[in-house]
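Just structure_25.cif here, mmCIF, C-alpha atoms:
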data_target
loop_
_atom_site.label_atom_id
_atom_site.label_comp_id
_atom_site.auth_asym_id
_atom_site.auth_seq_id
_atom_site.Cartn_x
_atom_site.Cartn_y
_atom_site.Cartn_z
CA ASP A 17 -10.76 4.23 -0.48
CA LYS A 18 -10.58 7.14 -2.91
CA LYS A 19 -11.63 9.60 -0.20
CA ILE A 20 -8.45 8.79 1.74
CA ILE A 21 -5.87 7.67 -0.82
CA HIS A 22 -5.04 9.84 -3.81
CA LEU A 23 -2.83 8.30 -6.48
CA SER A 24 -0.09 10.12 -8.34
CA ASP A 25 1.16 9.18 -11.81
CA ASN A 26 4.48 7.96 -10.39
CA GLU A 27 3.38 5.57 -7.65
CA VAL A 28 5.68 2.71 -6.69
CA PHE A 29 3.42 0.03 -5.24
CA LEU A 30 4.30 -2.84 -2.95
CA ASP A 31 1.51 -5.43 -2.93
CA GLY A 32 2.01 -7.78 0.03
CA GLY A 33 -0.32 -10.75 -0.27
CA ALA A 34 -0.89 -10.33 -3.98
CA TYR A 35 -3.27 -13.34 -4.13
CA ASP A 36 -4.24 -13.81 -7.80
CA GLY A 37 -3.36 -10.31 -8.99
CA ASP A 38 -6.61 -8.68 -7.86
CA THR A 39 -4.80 -5.63 -6.46
CA ILE A 40 -2.63 -5.35 -9.57
CA ARG A 41 -5.81 -5.22 -11.66
CA LEU A 42 -7.24 -2.55 -9.36
CA ILE A 43 -4.04 -0.47 -9.48
CA ILE A 44 -3.98 -0.57 -13.28
CA LYS A 45 -7.66 0.42 -13.44
CA GLU A 46 -7.62 3.14 -10.76
CA SER A 47 -4.35 4.70 -11.95
CA LYS A 48 -5.43 4.46 -15.60
CA ASN A 49 -2.19 2.53 -16.12
CA ARG A 50 -0.13 5.48 -14.87
CA PHE A 51 2.31 4.17 -12.28
CA LYS A 52 6.05 3.71 -12.05
CA ASN A 53 6.29 0.14 -10.69
CA ILE A 54 4.40 -2.61 -8.92
CA PHE A 55 6.26 -5.13 -6.75
CA ALA A 56 3.92 -8.00 -5.85
CA PHE A 57 4.74 -10.58 -3.16
CA GLU A 58 2.78 -13.86 -2.94
CA PRO A 59 4.20 -16.97 -1.21
CA ASP A 60 1.38 -19.36 -2.20
CA ASN A 61 2.63 -21.28 -5.24
CA LYS A 62 -0.83 -21.75 -6.78
CA ASN A 63 -1.65 -18.06 -6.44
CA TYR A 64 1.82 -17.12 -7.66
CA LYS A 65 1.23 -19.11 -10.85
CA LYS A 66 -2.06 -17.24 -11.41
CA ILE A 67 -0.32 -13.87 -10.99
CA ASN A 68 2.59 -14.94 -13.16
CA ASN A 69 0.25 -15.95 -16.00
CA TYR A 70 -1.66 -12.67 -15.70
CA VAL A 71 1.49 -10.50 -15.64
CA ARG A 72 3.01 -12.38 -18.60
CA GLN A 73 -0.11 -11.59 -20.63
CA LEU A 74 0.23 -7.91 -19.74
CA LYS A 75 3.82 -7.80 -21.02
CA ASP A 76 4.51 -4.86 -18.69
CA SER A 77 8.08 -4.73 -17.37
CA ARG A 78 7.00 -2.31 -14.63
CA ILE A 79 5.32 -5.19 -12.77
CA LYS A 80 7.57 -7.57 -10.85
CA ILE A 81 6.35 -10.54 -8.85
CA PHE A 82 8.09 -12.51 -6.11
CA ARG A 83 7.17 -15.90 -4.65
CA LEU A 84 8.01 -14.72 -1.14
CA GLY A 85 6.24 -13.82 2.06
CA LEU A 86 6.92 -10.64 4.00
CA GLY A 87 7.99 -10.45 7.64
CA ASP A 88 10.42 -8.90 10.10
CA LYS A 89 13.45 -11.08 9.25
CA ASN A 90 14.75 -13.59 6.73
CA ASN A 91 13.14 -16.88 7.61
CA THR A 92 11.65 -20.09 6.28
CA LEU A 93 8.24 -20.98 7.69
CA SER A 94 5.59 -23.67 7.32
CA PHE A 95 2.65 -22.72 5.17
CA THR A 96 -0.72 -24.02 4.12
CA ASN A 97 -0.95 -23.81 0.35
CA GLU A 98 -4.59 -23.55 -0.58
CA GLY A 99 -4.45 -21.51 -3.76
CA ASN A 100 -7.13 -19.23 -2.35
CA LEU A 101 -7.58 -16.41 0.15
CA GLN A 102 -6.92 -18.73 3.11
CA SER A 103 -3.25 -19.44 2.43
CA LYS A 104 -1.27 -18.63 5.56
CA VAL A 105 1.65 -19.47 7.82
CA ILE A 106 0.85 -22.32 10.21
CA LYS A 107 2.91 -24.24 12.74
CA TYR A 108 2.88 -27.61 10.98
CA GLY A 109 2.36 -26.85 7.30
CA LYS A 110 3.62 -29.20 4.59
CA ILE A 111 5.06 -26.43 2.47
CA GLN A 112 8.04 -24.24 3.33
CA ILE A 113 8.09 -20.61 2.20
CA LYS A 114 10.73 -17.93 2.34
CA ILE A 115 9.97 -14.81 4.34
CA VAL A 116 11.90 -11.58 3.74
CA PRO A 117 11.85 -8.13 5.36
CA ILE A 118 11.10 -5.35 2.89
CA ASP A 119 14.01 -3.22 4.14
CA LYS A 120 16.62 -5.91 3.51
CA TYR A 121 15.21 -7.47 0.36
CA ILE A 122 14.48 -4.54 -1.90
CA ASP A 123 15.81 -0.99 -1.86
CA GLU A 124 13.05 1.02 -3.47
CA HIS A 125 11.31 4.32 -2.84
CA PHE A 126 7.87 2.84 -2.22
CA THR A 127 5.06 5.37 -2.28
CA TYR A 128 2.26 2.89 -1.53
CA ILE A 129 2.30 -0.30 0.55
CA LYS A 130 -0.67 -2.67 0.76
CA LEU A 131 -0.51 -5.62 3.17
CA ASP A 132 -3.10 -8.40 3.33
CA ILE A 133 -0.94 -11.24 4.59
CA GLU A 134 -3.14 -13.27 6.91
CA GLY A 135 -1.86 -12.12 10.29
CA PHE A 136 1.71 -11.26 9.33
CA GLU A 137 0.98 -7.56 8.81
CA LYS A 138 2.69 -6.47 12.05
CA LYS A 139 5.86 -8.40 11.26
CA ALA A 140 5.91 -7.04 7.71
CA LEU A 141 5.55 -3.49 9.02
CA ILE A 142 8.48 -4.08 11.37
CA GLY A 143 10.44 -5.40 8.38
CA ALA A 144 9.61 -2.18 6.51
CA LYS A 145 10.44 0.21 9.36
CA LYS A 146 13.31 1.99 7.54
CA THR A 147 11.27 2.34 4.34
CA ILE A 148 8.30 3.75 6.26
CA LYS A 149 10.47 6.17 8.27
CA LYS A 150 12.41 7.35 5.22
CA TYR A 151 9.68 7.62 2.56
CA LYS A 152 6.34 7.77 4.40
CA PRO A 153 4.48 5.66 1.82
CA LYS A 154 0.70 5.52 1.80
CA LEU A 155 -0.23 2.44 3.84
CA VAL A 156 -3.24 0.18 3.31
CA ILE A 157 -3.06 -2.54 5.96
CA CYS A 158 -5.60 -5.26 6.73
CA SER A 159 -6.22 -5.06 10.46
CA TYR A 160 -8.59 -7.93 11.18
CA HIS A 161 -6.50 -11.10 11.05
CA ASN A 162 -5.46 -10.91 14.72
CA LEU A 163 -7.64 -9.74 17.59
CA ASN A 164 -5.32 -6.87 18.60
CA ASP A 165 -4.42 -5.70 15.09
CA ILE A 166 -6.69 -2.66 15.05
CA TRP A 167 -4.79 -0.87 17.82
CA GLU A 168 -1.39 -2.61 17.62
CA LEU A 169 -0.88 -1.79 13.93
CA THR A 170 -2.04 1.79 14.43
CA ILE A 171 0.33 2.28 17.39
CA LEU A 172 3.22 0.74 15.46
CA ILE A 173 2.66 2.96 12.42
CA LYS A 174 2.47 6.09 14.60
CA LYS A 175 5.63 4.98 16.43
CA PHE A 176 7.49 4.84 13.10
CA ARG A 177 6.05 8.11 11.78
CA PRO A 178 4.00 10.24 14.22
CA ASP A 179 2.98 12.49 11.31
CA TYR A 180 0.81 9.80 9.70
CA LYS A 181 -2.93 10.40 9.72
CA ILE A 182 -4.72 7.13 10.49
CA PHE A 183 -8.13 6.12 9.15
CA LEU A 184 -9.96 2.86 9.91
CA ARG A 185 -12.66 1.65 7.56
CA HIS A 186 -14.85 -1.42 7.91
CA TYR A 187 -16.34 -2.84 4.71
CA SER A 188 -18.60 -5.74 5.72
CA ASP A 189 -21.10 -7.03 8.28
CA PHE A 190 -18.52 -9.53 9.52
CA LEU A 191 -15.31 -9.19 11.53
CA MET A 192 -13.32 -9.24 8.31
CA ASP A 193 -12.57 -6.35 6.02
CA THR A 194 -11.32 -3.73 8.47
CA ILE A 195 -8.59 -1.69 6.82
CA CYS A 196 -6.11 0.72 8.39
CA TYR A 197 -5.12 3.57 6.09
CA ALA A 198 -2.13 5.75 6.94
CA VAL A 199 -1.41 8.87 4.90
#

Mind turning this structure into C-alpha coordinates?
Amino acid sequence: DKKIIHLSDNEVFLDGGAYDGDTIRLIIKESKNRFKNIFAFEPDNKNYKKINNYVRQLKDSRIKIFRLGLGDKNNTLSFTNEGNLQSKVIKYGKIQIKIVPIDKYIDEHFTYIKLDIEGFEKKALIGAKKTIKKYKPKLVICSYHNLNDIWELTILIKKFRPDYKIFLRHYSDFLMDTICYAV
(Lines of atoms letter the chains of each structure in order from A and count residues from 1; the text may use other names and numbers.)
(Lines give C-alpha, C1' and ligand atoms only; values in the text may rest on other atoms or scores of the structure.)
Protein backbone atom coordinates (compact mmCIF):
# COMPACT_ATOMS: atom_id res chain seq x y z
CA ASP A 1 0.00 0.00 0.00
CA LYS A 2 1.75 3.12 -1.27
CA LYS A 3 -0.14 5.30 1.22
CA ILE A 4 1.53 3.44 4.09
CA ILE A 5 4.85 2.15 2.78
CA HIS A 6 7.33 4.50 1.14
CA LEU A 7 10.33 2.90 -0.55
CA SER A 8 13.85 4.27 -0.45
CA ASP A 9 16.50 3.61 -3.10
CA ASN A 10 18.49 1.40 -0.72
CA GLU A 11 15.86 -1.05 0.53
CA VAL A 12 16.98 -4.50 1.66
CA PHE A 13 13.95 -6.74 1.20
CA LEU A 14 13.18 -10.06 2.83
CA ASP A 15 10.42 -11.86 0.93
CA GLY A 16 9.07 -14.69 3.09
CA GLY A 17 6.80 -16.92 1.03
CA ALA A 18 8.19 -15.79 -2.30
CA TYR A 19 5.80 -18.07 -4.25
CA ASP A 20 6.70 -17.71 -7.95
CA GLY A 21 8.53 -14.39 -7.69
CA ASP A 22 5.41 -12.21 -7.76
CA THR A 23 6.70 -9.96 -4.97
CA ILE A 24 10.13 -9.72 -6.59
CA ARG A 25 8.44 -8.49 -9.78
CA LEU A 26 6.45 -5.96 -7.77
CA ILE A 27 9.55 -4.72 -5.90
CA ILE A 28 11.45 -4.24 -9.16
CA LYS A 29 8.51 -2.36 -10.69
CA GLU A 30 7.60 -0.19 -7.68
CA SER A 31 11.21 0.68 -6.84
CA LYS A 32 12.04 1.29 -10.51
CA ASN A 33 14.82 -1.27 -10.00
CA ARG A 34 16.38 0.86 -7.25
CA PHE A 35 17.03 -1.40 -4.27
CA LYS A 36 20.07 -2.79 -2.51
CA ASN A 37 19.12 -6.47 -2.15
CA ILE A 38 16.23 -8.92 -2.19
CA PHE A 39 16.43 -12.13 -0.14
CA ALA A 40 13.57 -14.44 -1.14
CA PHE A 41 12.59 -17.54 0.87
CA GLU A 42 10.35 -20.23 -0.65
CA PRO A 43 10.29 -23.82 0.67
CA ASP A 44 8.02 -25.27 -2.05
CA ASN A 45 10.32 -26.94 -4.58
CA LYS A 46 8.04 -26.30 -7.58
CA ASN A 47 7.67 -22.62 -6.71
CA TYR A 48 11.39 -22.37 -5.96
CA LYS A 49 12.17 -23.64 -9.47
CA LYS A 50 9.88 -20.96 -10.94
CA ILE A 51 11.63 -18.22 -8.95
CA ASN A 52 15.05 -19.62 -9.77
CA ASN A 53 14.29 -19.56 -13.51
CA TYR A 54 12.96 -16.00 -13.28
CA VAL A 55 15.94 -14.71 -11.26
CA ARG A 56 18.45 -16.41 -13.60
CA GLN A 57 16.87 -14.58 -16.53
CA LEU A 58 17.23 -11.27 -14.68
CA LYS A 59 20.96 -11.84 -14.13
CA ASP A 60 20.82 -9.57 -11.08
CA SER A 61 23.26 -10.52 -8.32
CA ARG A 62 21.32 -8.37 -5.83
CA ILE A 63 18.56 -11.01 -5.73
CA LYS A 64 19.22 -14.14 -3.69
CA ILE A 65 16.78 -17.00 -3.27
CA PHE A 66 16.66 -19.74 -0.65
CA ARG A 67 14.68 -22.98 -0.68
CA LEU A 68 13.84 -22.62 3.01
CA GLY A 69 10.87 -21.82 5.19
CA LEU A 70 10.94 -19.25 7.97
CA GLY A 71 10.11 -19.91 11.61
CA ASP A 72 11.20 -19.40 15.20
CA LYS A 73 13.92 -22.09 15.28
CA ASN A 74 15.93 -24.41 13.06
CA ASN A 75 13.66 -27.30 12.25
CA THR A 76 12.58 -29.81 9.62
CA LEU A 77 8.83 -30.04 9.08
CA SER A 78 6.36 -31.92 6.89
CA PHE A 79 5.02 -29.95 3.98
CA THR A 80 2.46 -30.21 1.23
CA ASN A 81 4.15 -29.36 -2.05
CA GLU A 82 1.50 -28.08 -4.41
CA GLY A 83 3.47 -25.66 -6.55
CA ASN A 84 0.79 -23.04 -5.96
CA LEU A 85 -0.43 -20.63 -3.30
CA GLN A 86 -1.65 -23.47 -1.06
CA SER A 87 1.76 -24.95 -0.18
CA LYS A 88 2.03 -25.15 3.59
CA VAL A 89 3.31 -27.02 6.63
CA ILE A 90 1.06 -29.93 7.58
CA LYS A 91 1.32 -32.66 10.19
CA TYR A 92 1.69 -35.61 7.81
CA GLY A 93 3.15 -34.17 4.62
CA LYS A 94 5.24 -36.30 2.26
CA ILE A 95 7.91 -33.67 1.79
CA GLN A 96 10.35 -32.43 4.42
CA ILE A 97 11.45 -28.80 4.41
CA LYS A 98 14.03 -26.90 6.39
CA ILE A 99 12.82 -24.04 8.56
CA VAL A 100 15.22 -21.32 9.74
CA PRO A 101 14.87 -18.26 11.98
CA ILE A 102 15.82 -15.04 10.24
CA ASP A 103 18.00 -13.90 13.15
CA LYS A 104 20.18 -17.02 13.10
CA TYR A 105 20.30 -17.67 9.37
CA ILE A 106 21.19 -14.34 7.86
CA ASP A 107 22.81 -11.26 9.39
CA GLU A 108 21.50 -8.42 7.28
CA HIS A 109 20.15 -4.93 7.89
CA PHE A 110 16.68 -5.61 6.50
CA THR A 111 14.65 -2.49 5.84
CA TYR A 112 11.53 -4.30 4.59
CA ILE A 113 10.10 -7.69 5.57
CA LYS A 114 7.11 -9.26 3.82
CA LEU A 115 5.66 -12.50 5.21
CA ASP A 116 2.97 -14.56 3.47
CA ILE A 117 3.81 -18.00 4.80
CA GLU A 118 0.50 -19.78 5.28
CA GLY A 119 0.10 -19.51 9.04
CA PHE A 120 3.76 -19.42 10.04
CA GLU A 121 3.91 -15.62 10.21
CA LYS A 122 3.93 -15.50 14.02
CA LYS A 123 6.78 -17.99 14.29
CA ALA A 124 8.75 -16.14 11.61
CA LEU A 125 8.29 -12.86 13.47
CA ILE A 126 9.58 -14.51 16.65
CA GLY A 127 12.55 -15.78 14.64
CA ALA A 128 13.20 -12.20 13.48
CA LYS A 129 12.84 -10.57 16.90
CA LYS A 130 16.45 -9.28 17.08
CA THR A 131 16.31 -7.95 13.52
CA ILE A 132 13.02 -6.17 14.20
CA LYS A 133 14.23 -4.71 17.50
CA LYS A 134 17.56 -3.57 16.07
CA TYR A 135 16.56 -2.22 12.63
CA LYS A 136 12.80 -1.56 12.74
CA PRO A 137 12.17 -2.72 9.16
CA LYS A 138 8.92 -1.92 7.41
CA LEU A 139 6.69 -4.97 7.96
CA VAL A 140 4.05 -6.31 5.58
CA ILE A 141 2.52 -9.37 7.24
CA CYS A 142 -0.42 -11.48 6.06
CA SER A 143 -2.75 -11.72 9.04
CA TYR A 144 -5.54 -14.01 7.85
CA HIS A 145 -4.13 -17.53 7.88
CA ASN A 146 -5.00 -18.18 11.53
CA LEU A 147 -8.12 -16.97 13.31
CA ASN A 148 -6.23 -14.95 15.94
CA ASP A 149 -3.57 -13.50 13.64
CA ILE A 150 -5.08 -10.03 13.37
CA TRP A 151 -4.56 -9.22 17.05
CA GLU A 152 -1.77 -11.68 17.96
CA LEU A 153 0.59 -10.44 15.24
CA THR A 154 -0.16 -6.81 16.06
CA ILE A 155 0.49 -7.38 19.78
CA LEU A 156 3.71 -9.26 19.03
CA ILE A 157 5.03 -6.53 16.74
CA LYS A 158 4.23 -3.82 19.32
CA LYS A 159 5.89 -5.94 22.02
CA PHE A 160 9.11 -6.01 19.97
CA ARG A 161 8.97 -2.32 19.02
CA PRO A 162 6.31 -0.17 20.74
CA ASP A 163 7.18 2.70 18.36
CA TYR A 164 5.72 0.90 15.32
CA LYS A 165 2.58 2.39 13.82
CA ILE A 166 0.22 -0.43 12.84
CA PHE A 167 -2.21 -0.35 9.91
CA LEU A 168 -4.60 -3.14 8.91
CA ARG A 169 -5.94 -3.28 5.37
CA HIS A 170 -8.42 -5.73 3.91
CA TYR A 171 -8.32 -6.22 0.14
CA SER A 172 -11.17 -8.61 -0.75
CA ASP A 173 -14.75 -9.63 -0.01
CA PHE A 174 -13.49 -12.85 1.58
CA LEU A 175 -11.67 -13.62 4.83
CA MET A 176 -8.38 -13.66 2.94
CA ASP A 177 -6.21 -10.70 2.05
CA THR A 178 -5.98 -8.89 5.38
CA ILE A 179 -2.54 -7.35 5.72
CA CYS A 180 -0.84 -5.90 8.78
CA TYR A 181 1.53 -3.05 7.98
CA ALA A 182 3.99 -1.82 10.61
CA VAL A 183 6.05 1.31 9.98

| request: Decode the PyMOL selection byres ((chain A and resi 82) around 9) for the given file into explicit residues and return them as a ChimeraX atom specification. | output: /A:55-59,64,80-81,83-85

Residues from last step as file, C-alpha atoms, as a PDB file, in the coordinates of the input:
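Everything below was put into selection-v1.pdb:
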ATOM      1  CA  PHE A  55       6.260  -5.130  -6.750  1.00  0.00           C
ATOM      2  CA  ALA A  56       3.920  -8.000  -5.850  1.00  0.00           C
ATOM      3  CA  PHE A  57       4.740 -10.580  -3.160  1.00  0.00           C
ATOM      4  CA  GLU A  58       2.780 -13.860  -2.940  1.00  0.00           C
ATOM      5  CA  PRO A  59       4.200 -16.970  -1.210  1.00  0.00           C
ATOM      6  CA  TYR A  64       1.820 -17.120  -7.660  1.00  0.00           C
ATOM      7  CA  LYS A  80       7.570  -7.570 -10.850  1.00  0.00           C
ATOM      8  CA  ILE A  81       6.350 -10.540  -8.850  1.00  0.00           C
ATOM      9  CA  ARG A  83       7.170 -15.900  -4.650  1.00  0.00           C
ATOM     10  CA  LEU A  84       8.010 -14.720  -1.140  1.00  0.00           C
ATOM     11  CA  GLY A  85       6.240 -13.820   2.060  1.00  0.00           C
TER      12      GLY A  85
END

| Hits from the PyMOL selection byres ((chain A and resi 70-75) around 12), listed as a PyMOL selection string | chain A and resi 34-38+40-41+44+49+54-56+63-69+76-82

Fewer than 2 positions away in the same chain doesn't count, so skip those; otherwise give me all residues within 6 Å of range 134-146 of chain A, counting only C-alpha atoms, as a PDB file with C-alpha atoms, keeping the file's coordinate frame.
ATOM      1  CA  LEU A  86       6.920 -10.640   4.000  1.00  0.00           C
ATOM      2  CA  GLY A  87       7.990 -10.450   7.640  1.00  0.00           C
ATOM      3  CA  ASP A  88      10.420  -8.900  10.100  1.00  0.00           C
ATOM      4  CA  LYS A 104      -1.270 -18.630   5.560  1.00  0.00           C
ATOM      5  CA  PRO A 117      11.850  -8.130   5.360  1.00  0.00           C
ATOM      6  CA  ILE A 118      11.100  -5.350   2.890  1.00  0.00           C
ATOM      7  CA  ASP A 119      14.010  -3.220   4.140  1.00  0.00           C
ATOM      8  CA  ILE A 148       8.300   3.750   6.260  1.00  0.00           C
ATOM      9  CA  LYS A 149      10.470   6.170   8.270  1.00  0.00           C
ATOM     10  CA  LYS A 150      12.410   7.350   5.220  1.00  0.00           C
ATOM     11  CA  HIS A 161      -6.500 -11.100  11.050  1.00  0.00           C
ATOM     12  CA  ASN A 162      -5.460 -10.910  14.720  1.00  0.00           C
TER      13      ASN A 162
END

| task | Work out how far CA of Ile195 in chain A is from CA of Tyr160 in chain A, in Å to one decimal. | result |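 Answer for the CA of Tyr160 in chain A to CA of Ile195 in chain A separation: 7.6 Å.
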
| said: Just the number, please: distance in Å from CA of Met192 in chain A to CA of Lys19 in chain A, one decimal. | reply: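 Between these atoms lies a distance of 20.7 Å.
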
| request: Excluding Ile129 in chain A and residues on its chain fewer than 3 positions from it, collect all residues at most 9 Å away from it, counting only C-alpha atoms, and give them as a PyMOL selection string. | output: chain A and resi 28-32+126+153-157

| said: Quick check, in Å to one decimal: how far apart do CA of Phe95 in chain A and CA of Asp60 in chain A lie? | reply: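 Distance reported for this atom pair: 8.2 Å.
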
| task | Considering all atoms listed in the file, return as JSON, numbers by chain whatever protein or nucleic-acid residues lie within 10 Å of Arg50 in chain A, sequence-local ones (same chain, fewer than 6 positions apart) excluded. | result | {"A": [23, 24, 25, 26, 27, 43, 44]}

Restricting it to C-alpha atoms, dump the selection as a PDB file, keeping the file's coordinate frame.
ATOM      1  CA  LEU A  23      -2.830   8.300  -6.480  1.00  0.00           C
ATOM      2  CA  SER A  24      -0.090  10.120  -8.340  1.00  0.00           C
ATOM      3  CA  ASP A  25       1.160   9.180 -11.810  1.00  0.00           C
ATOM      4  CA  ASN A  26       4.480   7.960 -10.390  1.00  0.00           C
ATOM      5  CA  GLU A  27       3.380   5.570  -7.650  1.00  0.00           C
ATOM      6  CA  ILE A  43      -4.040  -0.470  -9.480  1.00  0.00           C
ATOM      7  CA  ILE A  44      -3.980  -0.570 -13.280  1.00  0.00           C
TER       8      ILE A  44
END
